[in-house]
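A.B. asks: Pasting a structure below so you can have a look.
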Amino acid sequence: MATRMRGRVRRILAAVTMTTALAATGCGLGGDGAAAVTYEDAKASGTIKVGFANEAPWAFLDQHGELTGYAPTVARAVLKRLGIDEIEGVVTDFDGLIDGVRAQNYAFVAAGMFINPRRCESSAFAIPDYQVGSAFLVPKGNPRNITRFEDITREQVRIATLGGAVENGYATESGVPDTLIEPMAKQDDILRAVTGGDVYGAAMLDVTASWLVRNNPDANLEVTESFQYGDRPDVGTFNFRIGDDQFREDFNRELRALHESGEWLRLVEPFGLTAANEPDPALSTEQYCAA
């Protein structure tokens, strides 16, 4: 049974990887077309390029090779209000997204990226757009009882993370040895490793882990109870180049309007976000950049 399941997951992930490769090389999204990488050009052409990491449910390619997910869906709604009707996606490893926007490979990042001081040094974030907790993706029954980062050290199990994601820092701050953390470039690598038993589980966002369990019902996995690392929730949003102030201000204005009207919730519910993921309006980007 385990061998058949691993074979099925490999076939599914191979298809996803092929679709991603096509998008990256121009046979679909993210090619060398006319989509703009600056706000001014996008307003003139009506088309803009965005960077994403192919991580469901945040921003990913569906079975038809179309860019979807929380971030592209919200971005489309905001951009339409700014007179930009189409977006093209450029797929990039998560830890290379900021370098890509700085290099003008795309106009901004639509991938559900957390705001933190290190990222604020080299990029500019929109207003907080959502808040989430952390969780572990583990074998059904969670036989090693991994529910917090400290449990990894106690049980001496190896845990996967997404390269460049905040969970790597959380593990280090919790005293987890580097030998027990396996950063991986892509979400499909993580799912393959956990399902195949190469690692015990994975540390990730609670929304991400729930999405993977819901969309892989035969993988025999479950999600631990969500928890908050630190004294306030993690918040994520869209990421811009430093100096693109007018673009970010206009984007913020329309993004705030989506939240105030209730439209934001309608847009994100298909991707597993709920009213509980609405960020506290008292928390600002500046506060998270200074923390």
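Ligands are numbered from 1 in the order shown, chains are lettered A, B, ... in the order of the structure tokens, and residues start at 1 in each chain.
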Given only C-alpha atoms, how would the per-residue table for region 45-86 of chain A near region 186-210 of chain A read, listing every residue at most 12 Å away with its closest atom pair and distance in Å to one decimal, sorted by chain and number, as a Markdown table?
C.D. replies:
| residue | atom | partner | partner_atom | distance |
| --- | --- | --- | --- | --- |
| A:Phe52 | CA | A:Lys186 | CA | 11.5 |
| A:Ala53 | CA | A:Lys186 | CA | 7.7 |
| A:Asn54 | CA | A:Gln187 | CA | 7.6 |
| A:Glu55 | CA | A:Gln187 | CA | 5.8 |
| A:Ala56 | CA | A:Thr208 | CA | 6.7 |
| A:Pro57 | CA | A:Thr208 | CA | 6.3 |
| A:Trp58 | CA | A:Thr208 | CA | 7.9 |
| A:Ala59 | CA | A:Thr208 | CA | 11.0 |
| A:Phe60 | CA | A:Gln187 | CA | 10.2 |
| A:Gly69 | CA | A:Thr208 | CA | 11.3 |
| A:Tyr70 | CA | A:Val207 | CA | 11.0 |
A.B. asks: Using only C-alpha atoms, tabulate the residues of region 75-183 of chain A lying at most 9 Å from any atom of region 244-258 of chain A, each with its closest atom pair and that distance in Å to one decimal, by chain and increasing residue number, as a Markdown table.
C.D. replies:
| residue | atom | partner | partner_atom | distance |
| --- | --- | --- | --- | --- |
| A:Ala75 | CA | A:Leu255 | CA | 8.4 |
| A:Ala77 | CA | A:Leu258 | CA | 8.3 |
| A:Val78 | CA | A:Glu254 | CA | 5.6 |
| A:Leu79 | CA | A:Phe251 | CA | 7.4 |
| A:Arg81 | CA | A:Glu254 | CA | 6.9 |
| A:Leu82 | CA | A:Asp250 | CA | 7.6 |
| A:Ala124 | CA | A:Arg248 | CA | 8.2 |
| A:Phe125 | CA | A:Arg248 | CA | 7.8 |
| A:Ala126 | CA | A:Asn252 | CA | 6.0 |
| A:Ile127 | CA | A:Asn252 | CA | 6.1 |
| A:Asp129 | CA | A:Leu255 | CA | 7.9 |
A.B. asks: Using only C-alpha atoms, which residue out of A:Ile115, A:Ala290, A:Ala44, A:Ala185 lies closest to Gln131 (chain A)?
C.D. replies: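 Closest residue, counting only C-alpha atoms: A:Ile115.
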A.B. asks: Which of region 106-262 of chain A end up as strand (DSSP E or B) when DSSP is run on this backbone - answer as a ChimeraX atom specification?
C.D. replies: /A:108-114,124-125,130-132,134-139,159-162,181-184,201-205,221-223,227,234-240
A.B. asks: Kindly export the residues of the current selection with C-alpha atoms, as a tab-separated table (two decimals), in the first residue's frame.
C.D. replies:
chain	number	residue	atom	x	y	z
A	108	PHE	CA	6.03	42.65	-7.37
A	109	VAL	CA	5.74	39.43	-5.37
A	110	ALA	CA	2.33	37.77	-5.03
A	111	ALA	CA	3.17	34.76	-2.89
A	112	GLY	CA	1.84	35.37	0.61
A	113	MET	CA	5.18	36.45	2.12
A	114	PHE	CA	5.55	37.30	5.83
A	124	ALA	CA	8.97	47.11	0.64
A	125	PHE	CA	5.77	45.47	1.89
A	130	TYR	CA	-3.66	38.18	6.39
A	131	GLN	CA	-2.56	36.55	9.64
A	132	VAL	CA	-1.85	32.88	10.27
A	134	SER	CA	2.10	27.60	12.44
A	135	ALA	CA	1.48	23.86	12.42
A	136	PHE	CA	3.15	20.55	11.59
A	137	LEU	CA	2.25	18.20	8.76
A	138	VAL	CA	2.74	14.74	10.29
A	139	PRO	CA	1.79	11.07	9.77
A	159	ILE	CA	11.50	17.92	9.85
A	160	ALA	CA	11.20	19.55	6.42
A	161	THR	CA	10.73	23.29	5.88
A	162	LEU	CA	10.42	25.56	2.86
A	181	ILE	CA	15.89	20.56	9.78
A	182	GLU	CA	15.72	19.90	6.05
A	183	PRO	CA	15.00	23.09	4.05
A	184	MET	CA	13.56	22.25	0.64
A	201	GLY	CA	6.98	15.72	9.11
A	202	ALA	CA	7.08	19.35	8.00
A	203	ALA	CA	6.81	22.72	9.76
A	204	MET	CA	4.67	25.16	7.80
A	205	LEU	CA	1.74	27.55	7.92
A	221	LEU	CA	-1.28	12.69	6.90
A	222	GLU	CA	-2.78	15.10	9.42
A	223	VAL	CA	-2.22	18.62	10.73
A	227	PHE	CA	-0.07	27.68	17.36
A	234	ASP	CA	2.58	36.25	11.70
A	235	VAL	CA	1.21	38.52	8.98
A	236	GLY	CA	1.80	38.30	5.26
A	237	THR	CA	1.17	40.46	2.23
A	238	PHE	CA	2.53	41.59	-1.15
A	239	ASN	CA	6.13	42.65	-1.66
A	240	PHE	CA	7.47	45.54	-3.79
A.B. asks: Can you tell me which residues surround Ala36 (chain A) at a distance of at most 7 Å, considering only C-alpha atoms, apart from same-chain residues fewer than 3 positions away, and format the answer as an mmCIF file with all heavy atoms, in the first residue's frame?
C.D. replies:
data_model
loop_
_atom_site.group_PDB
_atom_site.id
_atom_site.type_symbol
_atom_site.label_atom_id
_atom_site.label_comp_id
_atom_site.auth_asym_id
_atom_site.auth_seq_id
_atom_site.Cartn_x
_atom_site.Cartn_y
_atom_site.Cartn_z
ATOM 1 N N ASP A 41 4.611 51.122 -16.835
ATOM 2 C CA ASP A 41 4.389 50.355 -18.055
ATOM 3 C C ASP A 41 3.122 49.506 -17.957
ATOM 4 O O ASP A 41 2.410 49.313 -18.950
ATOM 5 C CB ASP A 41 5.589 49.459 -18.346
ATOM 6 C CG ASP A 41 6.812 50.240 -18.805
ATOM 7 O OD1 ASP A 41 6.650 51.419 -19.169
ATOM 8 O OD2 ASP A 41 7.924 49.679 -18.788
ATOM 9 N N ALA A 42 2.850 48.990 -16.749
ATOM 10 C CA ALA A 42 1.651 48.164 -16.564
ATOM 11 C C ALA A 42 0.383 48.981 -16.769
ATOM 12 O O ALA A 42 -0.594 48.492 -17.358
ATOM 13 C CB ALA A 42 1.662 47.536 -15.175
ATOM 14 N N THR A 47 -1.146 44.966 -18.538
ATOM 15 C CA THR A 47 -0.656 43.636 -18.186
ATOM 16 C C THR A 47 0.599 43.778 -17.333
ATOM 17 O O THR A 47 1.437 44.641 -17.588
ATOM 18 C CB THR A 47 -0.326 42.814 -19.444
ATOM 19 O OG1 THR A 47 -1.474 42.756 -20.280
ATOM 20 C CG2 THR A 47 0.084 41.401 -19.087
ATOM 21 N N ILE A 48 0.737 42.912 -16.315
ATOM 22 C CA ILE A 48 1.848 43.030 -15.383
ATOM 23 C C ILE A 48 2.372 41.649 -15.010
ATOM 24 O O ILE A 48 1.632 40.671 -15.019
ATOM 25 C CB ILE A 48 1.397 43.801 -14.122
ATOM 26 C CG1 ILE A 48 2.591 44.289 -13.306
ATOM 27 C CG2 ILE A 48 0.453 42.945 -13.259
ATOM 28 C CD1 ILE A 48 2.209 45.301 -12.231
ATOM 29 N N LYS A 49 3.671 41.565 -14.723
ATOM 30 C CA LYS A 49 4.278 40.326 -14.270
ATOM 31 C C LYS A 49 4.390 40.317 -12.746
ATOM 32 O O LYS A 49 4.750 41.331 -12.133
ATOM 33 C CB LYS A 49 5.681 40.151 -14.862
ATOM 34 C CG LYS A 49 5.704 39.677 -16.298
ATOM 35 C CD LYS A 49 7.129 39.374 -16.742
ATOM 36 C CE LYS A 49 7.160 38.896 -18.181
ATOM 37 N NZ LYS A 49 8.538 38.594 -18.634
#
